[in-house]
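Enquirer: Before anything else, here's the structure in question.
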Amino acid sequence: MTETDAKRMLLIEQAKKLFNGQPAIVQTDIPGFSASMRTAPTVNQHCFYQPMVILVLQGKKNVVFGTEKMTYQEGQFAIASVDIPTIGSIIEASPEKPFLTLILELDSYVISQLLSEGAYPQFETARRGSGVADADEALTDAFLRLLSLTGQPERQKVMAPMIIKEIHYLLLTSPLGGILCSVNTKGSQNNQIANAIAWLKNNFRESLNMEDLAQRFNMAASSFYRHFNKVTSLSPLQYQKQLRLHEARRLMISENISAENAAYEVGYESASQFNREYKRMFGMPPKTNINQIKQI
């Protein structure tokens, strides 16, 4: 057994203590640091990944980031550098060997600070805003030290920010470092796309005009469209549609409003179009889907 494997086994032992034997997503007492455990396979779960790193301790999962298919499994880590719609299916999980991950939200301020403090390997422009690679001993050890701080508030105050910064540094110098560098380097095309994504998140209800949106971020429409697709693997219109559908779903679940009202609330002018697009994305009509979720 390698040192990396040994530390991953220690991480598994420590992480399982967070769940009391029940599958869940658990937010630790360290802000932005959580853990997830599933004891059975899942199929086509839709969500938006925020900028984050996911360290996989056990199991295997297939994920579609936008339209790009990836698989990550034990001993690997995945990065999302921008908000990306995903469809995930856990393919290896059981009560004896659950699918187990640690998740740390990425901090663009910490990344920018690190980029300003020193030289990093030069990377070609990242093709995507997401990726998967093997976790080395240094990254595994840093997560182990961060997890060991849970339940120790006094130590957290001093040590957690240092370890979190260390993890960001290790990610920047990893094989996936280019993904983070390209998105967080001010003025780069990928950074402009990240700014456009942030704008779309706050304005997804508005009608989308490609020329106006590209001009807002000082890019030609054709260049903007091409780079947006490179980072997210979606067109701006597809991205906006997914934002609308996810928000409508949230409204129907958390605020108990009707599908028709949710459609108009998120910017649709036609309830029938909303129903068609919702069924195409989630596999069933809105009312059926929401009723199924509420029964779980």
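Letters A, B, ... go to the chains of the structure tokens in the order shown; residues in each chain start at 1; ligands are counted from 1 in the same order.
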If you take only C-alpha atoms and a cut-off of 12 Å, which residues of stretch 245-271 of chain A touch stretch 195-216 of chain A, and what are their nearest atom pairs and distances in Å to one decimal, in chain and number order, as CSV?
Expert:
```
residue,atom,partner,partner_atom,distance
A:Leu245,CA,A:Phe204,CA,10.3
A:His246,CA,A:Phe204,CA,11.1
A:Glu247,CA,A:Phe204,CA,9.6
A:Ala248,CA,A:Arg205,CA,10.9
A:Ala262,CA,A:Arg205,CA,11.5
A:Ala263,CA,A:Arg205,CA,10.2
A:Tyr264,CA,A:Arg205,CA,9.1
A:Glu265,CA,A:Arg205,CA,7.8
A:Val266,CA,A:Arg205,CA,5.2
A:Gly267,CA,A:Arg205,CA,4.3
A:Tyr268,CA,A:Arg205,CA,7.8
A:Glu269,CA,A:Ser207,CA,10.2
```
Enquirer: Would you write out those residues with all heavy atoms, as an mmCIF file, in the first residue's frame?
Expert:
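The result, stored in part09.cif:
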```cif
data_model
loop_
_atom_site.group_PDB
_atom_site.id
_atom_site.type_symbol
_atom_site.label_atom_id
_atom_site.label_comp_id
_atom_site.auth_asym_id
_atom_site.auth_seq_id
_atom_site.Cartn_x
_atom_site.Cartn_y
_atom_site.Cartn_z
ATOM 1 N N LEU A 245 -34.648 26.218 -15.844
ATOM 2 C CA LEU A 245 -35.325 24.979 -15.462
ATOM 3 C C LEU A 245 -34.961 24.558 -14.040
ATOM 4 O O LEU A 245 -35.820 24.101 -13.278
ATOM 5 C CB LEU A 245 -35.005 23.873 -16.464
ATOM 6 C CG LEU A 245 -35.592 24.070 -17.865
ATOM 7 C CD1 LEU A 245 -35.035 23.027 -18.832
ATOM 8 C CD2 LEU A 245 -37.120 23.992 -17.836
ATOM 9 N N HIS A 246 -33.696 24.710 -13.666
ATOM 10 C CA HIS A 246 -33.289 24.373 -12.294
ATOM 11 C C HIS A 246 -33.963 25.292 -11.280
ATOM 12 O O HIS A 246 -34.399 24.839 -10.218
ATOM 13 C CB HIS A 246 -31.766 24.461 -12.152
ATOM 14 C CG HIS A 246 -31.056 23.222 -12.594
ATOM 15 N ND1 HIS A 246 -30.898 22.121 -11.790
ATOM 16 C CD2 HIS A 246 -30.452 22.907 -13.780
ATOM 17 C CE1 HIS A 246 -30.229 21.180 -12.443
ATOM 18 N NE2 HIS A 246 -29.952 21.633 -13.646
ATOM 19 N N GLU A 247 -34.054 26.596 -11.600
ATOM 20 C CA GLU A 247 -34.696 27.527 -10.682
ATOM 21 C C GLU A 247 -36.199 27.241 -10.585
ATOM 22 O O GLU A 247 -36.774 27.295 -9.492
ATOM 23 C CB GLU A 247 -34.463 28.969 -11.148
ATOM 24 C CG GLU A 247 -35.199 30.027 -10.337
ATOM 25 C CD GLU A 247 -34.819 30.091 -8.873
ATOM 26 O OE1 GLU A 247 -33.828 29.432 -8.468
ATOM 27 O OE2 GLU A 247 -35.506 30.809 -8.115
ATOM 28 N N ALA A 248 -36.829 26.924 -11.708
ATOM 29 C CA ALA A 248 -38.255 26.576 -11.670
ATOM 30 C C ALA A 248 -38.488 25.340 -10.810
ATOM 31 O O ALA A 248 -39.447 25.282 -10.024
ATOM 32 C CB ALA A 248 -38.765 26.341 -13.092
ATOM 33 N N ALA A 262 -44.317 28.862 -11.984
ATOM 34 C CA ALA A 262 -42.855 28.729 -11.992
ATOM 35 C C ALA A 262 -42.292 29.080 -13.359
ATOM 36 O O ALA A 262 -41.246 29.733 -13.473
ATOM 37 C CB ALA A 262 -42.450 27.315 -11.593
ATOM 38 N N ALA A 263 -42.980 28.645 -14.406
ATOM 39 C CA ALA A 263 -42.537 28.933 -15.774
ATOM 40 C C ALA A 263 -42.438 30.431 -16.010
ATOM 41 O O ALA A 263 -41.415 30.943 -16.506
ATOM 42 C CB ALA A 263 -43.493 28.288 -16.772
ATOM 43 N N TYR A 264 -43.496 31.165 -15.647
ATOM 44 C CA TYR A 264 -43.489 32.610 -15.859
ATOM 45 C C TYR A 264 -42.489 33.303 -14.942
ATOM 46 O O TYR A 264 -41.870 34.309 -15.313
ATOM 47 C CB TYR A 264 -44.896 33.168 -15.649
ATOM 48 C CG TYR A 264 -45.908 32.645 -16.653
ATOM 49 C CD1 TYR A 264 -47.158 32.202 -16.252
ATOM 50 C CD2 TYR A 264 -45.596 32.586 -18.019
ATOM 51 C CE1 TYR A 264 -48.076 31.711 -17.177
ATOM 52 C CE2 TYR A 264 -46.507 32.106 -18.947
ATOM 53 C CZ TYR A 264 -47.749 31.669 -18.520
ATOM 54 O OH TYR A 264 -48.643 31.187 -19.442
ATOM 55 N N GLU A 265 -42.321 32.768 -13.745
ATOM 56 C CA GLU A 265 -41.404 33.367 -12.775
ATOM 57 C C GLU A 265 -39.959 33.358 -13.279
ATOM 58 O O GLU A 265 -39.193 34.297 -13.012
ATOM 59 C CB GLU A 265 -41.504 32.628 -11.440
ATOM 60 C CG GLU A 265 -40.590 33.148 -10.350
ATOM 61 C CD GLU A 265 -40.973 34.532 -9.851
ATOM 62 O OE1 GLU A 265 -42.150 34.914 -9.994
ATOM 63 O OE2 GLU A 265 -40.083 35.223 -9.317
ATOM 64 N N VAL A 266 -39.561 32.300 -13.999
ATOM 65 C CA VAL A 266 -38.172 32.185 -14.453
ATOM 66 C C VAL A 266 -37.945 32.742 -15.856
ATOM 67 O O VAL A 266 -36.838 32.681 -16.378
ATOM 68 C CB VAL A 266 -37.672 30.722 -14.383
ATOM 69 C CG1 VAL A 266 -37.759 30.196 -12.970
ATOM 70 C CG2 VAL A 266 -38.436 29.828 -15.366
ATOM 71 N N GLY A 267 -38.995 33.276 -16.474
ATOM 72 C CA GLY A 267 -38.792 33.958 -17.751
ATOM 73 C C GLY A 267 -39.445 33.348 -18.961
ATOM 74 O O GLY A 267 -39.319 33.892 -20.071
ATOM 75 N N TYR A 268 -40.151 32.221 -18.812
ATOM 76 C CA TYR A 268 -40.843 31.632 -19.958
ATOM 77 C C TYR A 268 -42.089 32.445 -20.291
ATOM 78 O O TYR A 268 -42.787 32.935 -19.387
ATOM 79 C CB TYR A 268 -41.245 30.180 -19.667
ATOM 80 C CG TYR A 268 -40.129 29.187 -19.883
ATOM 81 C CD1 TYR A 268 -39.256 28.860 -18.846
ATOM 82 C CD2 TYR A 268 -39.943 28.566 -21.113
ATOM 83 C CE1 TYR A 268 -38.226 27.962 -19.028
ATOM 84 C CE2 TYR A 268 -38.909 27.652 -21.310
ATOM 85 C CZ TYR A 268 -38.061 27.350 -20.268
ATOM 86 O OH TYR A 268 -37.039 26.452 -20.456
ATOM 87 N N GLU A 269 -42.366 32.586 -21.570
ATOM 88 C CA GLU A 269 -43.591 33.256 -22.014
ATOM 89 C C GLU A 269 -44.687 32.255 -22.328
ATOM 90 O O GLU A 269 -45.848 32.634 -22.481
ATOM 91 C CB GLU A 269 -43.298 34.121 -23.242
ATOM 92 C CG GLU A 269 -42.314 35.256 -22.964
ATOM 93 C CD GLU A 269 -42.028 36.096 -24.189
ATOM 94 O OE1 GLU A 269 -42.551 35.759 -25.278
ATOM 95 O OE2 GLU A 269 -41.274 37.082 -24.073
#
```
Enquirer: If you count only C-alpha atoms, which residues fall within 6 Å of stretch 63-73 of chain A, apart from same-chain ones fewer than 4 positions away, as a list in words?
Expert: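 Those residues are Val56, Gly59, Pro85, Thr86, Ile87, Gly88, Thr232, Ser233 and Leu234 of chain A.
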Enquirer: Output the selection as a short mmCIF file (atom, residue, chain, number, x, y, z; two decimals), in the first residue's frame - all heavy atoms for each residue.
Expert:
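Final output, saved to result-v7.cif:
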```cif
data_model
loop_
_atom_site.label_atom_id
_atom_site.label_comp_id
_atom_site.auth_asym_id
_atom_site.auth_seq_id
_atom_site.Cartn_x
_atom_site.Cartn_y
_atom_site.Cartn_z
N VAL A 56 -12.46 12.04 -4.24
CA VAL A 56 -13.23 10.79 -4.18
C VAL A 56 -12.45 9.79 -3.33
O VAL A 56 -11.33 9.39 -3.67
CB VAL A 56 -13.49 10.21 -5.58
CG1 VAL A 56 -14.43 9.03 -5.48
CG2 VAL A 56 -14.07 11.27 -6.50
N GLY A 59 -15.69 4.46 -4.32
CA GLY A 59 -16.76 4.38 -5.29
C GLY A 59 -16.42 5.01 -6.63
O GLY A 59 -15.30 5.44 -6.88
N PRO A 85 -23.84 23.07 -15.10
CA PRO A 85 -24.93 22.11 -14.89
C PRO A 85 -24.41 20.70 -15.10
O PRO A 85 -23.63 20.43 -16.02
CB PRO A 85 -25.96 22.49 -15.97
CG PRO A 85 -25.18 23.19 -17.02
CD PRO A 85 -24.05 23.89 -16.31
N THR A 86 -24.82 19.79 -14.23
CA THR A 86 -24.34 18.41 -14.30
C THR A 86 -25.48 17.42 -14.20
O THR A 86 -26.53 17.71 -13.63
CB THR A 86 -23.34 18.10 -13.16
OG1 THR A 86 -24.03 18.14 -11.91
CG2 THR A 86 -22.19 19.09 -13.14
N ILE A 87 -25.22 16.24 -14.75
CA ILE A 87 -26.10 15.08 -14.55
C ILE A 87 -25.19 13.96 -14.05
O ILE A 87 -24.26 13.54 -14.74
CB ILE A 87 -26.79 14.65 -15.85
CG1 ILE A 87 -27.55 15.82 -16.48
CG2 ILE A 87 -27.76 13.49 -15.58
CD1 ILE A 87 -28.11 15.51 -17.85
N GLY A 88 -25.44 13.49 -12.83
CA GLY A 88 -24.56 12.51 -12.22
C GLY A 88 -25.24 11.19 -11.95
O GLY A 88 -26.41 11.15 -11.57
N THR A 232 -17.96 25.66 -20.97
CA THR A 232 -19.12 25.00 -20.37
C THR A 232 -19.61 23.79 -21.15
O THR A 232 -20.40 23.00 -20.63
CB THR A 232 -20.30 25.98 -20.24
OG1 THR A 232 -20.76 26.33 -21.56
CG2 THR A 232 -19.89 27.24 -19.50
N SER A 233 -19.17 23.66 -22.42
CA SER A 233 -19.66 22.66 -23.39
C SER A 233 -21.13 22.90 -23.73
O SER A 233 -21.81 22.02 -24.25
CB SER A 233 -19.43 21.21 -22.93
OG SER A 233 -20.39 20.77 -22.01
N LEU A 234 -21.65 24.09 -23.44
CA LEU A 234 -23.00 24.49 -23.78
C LEU A 234 -22.97 25.84 -24.48
O LEU A 234 -22.03 26.63 -24.29
CB LEU A 234 -23.87 24.63 -22.52
CG LEU A 234 -24.12 23.37 -21.68
CD1 LEU A 234 -24.74 23.78 -20.34
CD2 LEU A 234 -25.03 22.40 -22.41
#
```
Enquirer: Pick out each residue of stretch 18-262 of chain A that DSSP on the backbone tags as strand (DSSP E or B); I need them as a PDB file with C-alpha atoms, in the first residue's frame.
Expert:
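Saved file states-v1.pdb follows:
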```pdb
ATOM      1  CA  ALA A  24     -26.311  12.218   3.331  1.00  0.00           C
ATOM      2  CA  ILE A  25     -24.537  15.389   2.330  1.00  0.00           C
ATOM      3  CA  VAL A  26     -23.000  16.849   5.488  1.00  0.00           C
ATOM      4  CA  GLN A  27     -21.700  20.390   5.864  1.00  0.00           C
ATOM      5  CA  PHE A  33     -16.086  22.100   3.412  1.00  0.00           C
ATOM      6  CA  SER A  34     -18.547  19.222   3.173  1.00  0.00           C
ATOM      7  CA  ALA A  35     -18.765  15.467   2.703  1.00  0.00           C
ATOM      8  CA  SER A  36     -21.139  13.213   0.813  1.00  0.00           C
ATOM      9  CA  MET A  37     -21.960   9.536   1.266  1.00  0.00           C
ATOM     10  CA  ARG A  38     -24.260   7.315  -0.806  1.00  0.00           C
ATOM     11  CA  GLN A  45     -29.343  13.327 -10.708  1.00  0.00           C
ATOM     12  CA  HIS A  46     -29.432  16.935 -11.975  1.00  0.00           C
ATOM     13  CA  CYS A  47     -27.667  19.773 -10.198  1.00  0.00           C
ATOM     14  CA  PHE A  48     -25.371  22.767 -10.705  1.00  0.00           C
ATOM     15  CA  TYR A  49     -21.770  22.368  -9.590  1.00  0.00           C
ATOM     16  CA  MET A  52     -15.284  23.245  -6.192  1.00  0.00           C
ATOM     17  CA  VAL A  53     -12.885  20.370  -5.835  1.00  0.00           C
ATOM     18  CA  ILE A  54     -14.234  16.900  -5.111  1.00  0.00           C
ATOM     19  CA  LEU A  55     -11.897  14.311  -3.607  1.00  0.00           C
ATOM     20  CA  VAL A  56     -13.226  10.794  -4.178  1.00  0.00           C
ATOM     21  CA  LEU A  57     -12.414   8.409  -1.325  1.00  0.00           C
ATOM     22  CA  GLN A  58     -14.503   5.414  -2.446  1.00  0.00           C
ATOM     23  CA  LYS A  60     -17.266   5.626  -8.833  1.00  0.00           C
ATOM     24  CA  LYS A  61     -19.507   8.174 -10.522  1.00  0.00           C
ATOM     25  CA  ASN A  62     -20.320   9.135 -14.099  1.00  0.00           C
ATOM     26  CA  VAL A  63     -20.944  12.849 -14.582  1.00  0.00           C
ATOM     27  CA  VAL A  64     -22.012  14.894 -17.567  1.00  0.00           C
ATOM     28  CA  PHE A  65     -20.627  18.428 -17.211  1.00  0.00           C
ATOM     29  CA  GLU A  68     -19.005  16.496 -21.638  1.00  0.00           C
ATOM     30  CA  LYS A  69     -18.952  13.022 -20.096  1.00  0.00           C
ATOM     31  CA  MET A  70     -16.449  12.186 -17.336  1.00  0.00           C
ATOM     32  CA  THR A  71     -15.927   9.451 -14.762  1.00  0.00           C
ATOM     33  CA  TYR A  72     -14.268   9.898 -11.400  1.00  0.00           C
ATOM     34  CA  GLN A  73     -13.463   7.233  -8.847  1.00  0.00           C
ATOM     35  CA  GLN A  76      -9.071  10.828  -7.988  1.00  0.00           C
ATOM     36  CA  PHE A  77     -10.252  14.415  -7.709  1.00  0.00           C
ATOM     37  CA  ALA A  78     -12.530  16.492  -9.913  1.00  0.00           C
ATOM     38  CA  ILE A  79     -12.534  20.253 -10.402  1.00  0.00           C
ATOM     39  CA  ALA A  80     -15.277  22.595 -11.551  1.00  0.00           C
ATOM     40  CA  ILE A  84     -21.669  24.061 -14.526  1.00  0.00           C
ATOM     41  CA  PRO A  85     -24.930  22.111 -14.891  1.00  0.00           C
ATOM     42  CA  THR A  86     -24.336  18.414 -14.299  1.00  0.00           C
ATOM     43  CA  ILE A  87     -26.097  15.080 -14.553  1.00  0.00           C
ATOM     44  CA  GLY A  88     -24.558  12.509 -12.222  1.00  0.00           C
ATOM     45  CA  SER A  89     -24.989   8.760 -11.844  1.00  0.00           C
ATOM     46  CA  ILE A  90     -23.228   6.909  -9.031  1.00  0.00           C
ATOM     47  CA  ILE A  91     -22.285   3.525 -10.466  1.00  0.00           C
ATOM     48  CA  GLU A  92     -20.330   1.970  -7.598  1.00  0.00           C
ATOM     49  CA  PHE A  99     -19.568   6.210  -2.504  1.00  0.00           C
ATOM     50  CA  LEU A 100     -17.725   8.734  -0.354  1.00  0.00           C
ATOM     51  CA  THR A 101     -16.399  12.178  -1.250  1.00  0.00           C
ATOM     52  CA  LEU A 102     -15.025  15.322   0.351  1.00  0.00           C
ATOM     53  CA  ILE A 103     -15.970  18.641  -1.257  1.00  0.00           C
ATOM     54  CA  LEU A 104     -14.250  21.996  -0.852  1.00  0.00           C
ATOM     55  CA  GLU A 105     -15.637  25.160  -2.415  1.00  0.00           C
ATOM     56  CA  SER A 130     -13.911  21.016 -15.425  1.00  0.00           C
ATOM     57  CA  GLY A 131     -11.612  18.020 -15.279  1.00  0.00           C
ATOM     58  CA  VAL A 132     -10.535  14.855 -13.443  1.00  0.00           C
ATOM     59  CA  ALA A 133      -7.060  13.700 -12.340  1.00  0.00           C
ATOM     60  CA  ASP A 134      -5.373  11.354  -9.861  1.00  0.00           C
TER      61      ASP A 134
END
```
Enquirer: Could you pull out the helix (DSSP H, G or I) residues of stretch 3-50 of chain A, going by DSSP on the backbone, and write them as a PyMOL selection string?
Expert: chain A and resi 3-16
Enquirer: Set the distance at 7 Å and use only C-alpha atoms: which residues neighbour A:Val82 once local chain neighbours fewer than 4 positions away are removed? I'd like the list as a list in words.
Expert: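 The neighbour list is Gln50, Pro51, Gly129 and Ala194 of chain A.
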Enquirer: Can you tell me, as a list in words, what residues are no more than 8 Å from A:Ser148 when counting only C-alpha atoms, ignoring any on the same chain fewer than 3 positions away?
Expert: Gln14, Leu144 and Arg145 of chain A
Enquirer: Please report the interatomic distance between atom CA of A:Ser116 and atom CA of A:Gln192 in Å with one decimal.
Expert: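 About the pair atom CA of A:Ser116 and atom CA of A:Gln192: they are 18.4 Å apart.
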Enquirer: Can you tell me which residues surround A:Ile111 at a distance of at most 10 Å, considering only C-alpha atoms, apart from same-chain residues fewer than 6 positions away, and format the answer as JSON, numbers by chain?
Expert: {"A": [117, 165, 168, 169, 171, 172, 180, 181, 183, 184, 185]}
Enquirer: Grab the residues selected above and save them as a short mmCIF file (atom, residue, chain, number, x, y, z; two decimals), in the first residue's frame with C-alpha atoms.
Expert:
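Printed below is again-v5.cif as written:
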```cif
data_model
loop_
_atom_site.label_atom_id
_atom_site.label_comp_id
_atom_site.auth_asym_id
_atom_site.auth_seq_id
_atom_site.Cartn_x
_atom_site.Cartn_y
_atom_site.Cartn_z
CA GLU A 117 2.35 35.80 -5.36
CA LYS A 165 -4.83 27.97 0.82
CA HIS A 168 -5.68 25.77 -3.68
CA TYR A 169 -1.92 25.92 -4.31
CA LEU A 171 -4.61 22.36 -7.31
CA LEU A 172 -2.94 25.19 -9.23
CA LEU A 180 -8.09 27.30 -12.59
CA CYS A 181 -5.41 29.59 -14.01
CA VAL A 183 -10.56 31.17 -15.47
CA ASN A 184 -9.00 33.27 -12.69
CA THR A 185 -6.48 35.26 -14.75
#
```
Enquirer: For atom CA of A:Glu96 and atom CA of A:Leu146, quote the distance in Å rounded to one decimal.
Expert: 25.3 Å
Enquirer: Rounded to one decimal place, report the atom CA of A:Leu243-atom CA of A:Ser182 distance in Å.
Expert: 23.5 Å
Enquirer: Which residue out of A:Gly75, A:Pro41, A:Pro31, A:Gly177 has the minimum interatomic distance to A:Thr4 when only C-alpha atoms are used?
Expert: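 With only C-alpha atoms as the atom set, the closest residue is A:Gly75.
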Enquirer: Calculated over only C-alpha atoms, which of the candidates A:Leu147, A:Ala221, A:Ala271, A:Met162 has the smallest distance to A:Lys17?
Expert: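 For A:Lys17, the nearest of the given residues is A:Leu147.
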Enquirer: Identify which of the residues A:Val110, A:Ser270, A:Phe224, A:Ile164 lies closest to A:Ile193, counting only C-alpha atoms when measuring atom-to-atom distances.
Expert: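 For A:Ile193, the nearest of the candidates is A:Phe224.
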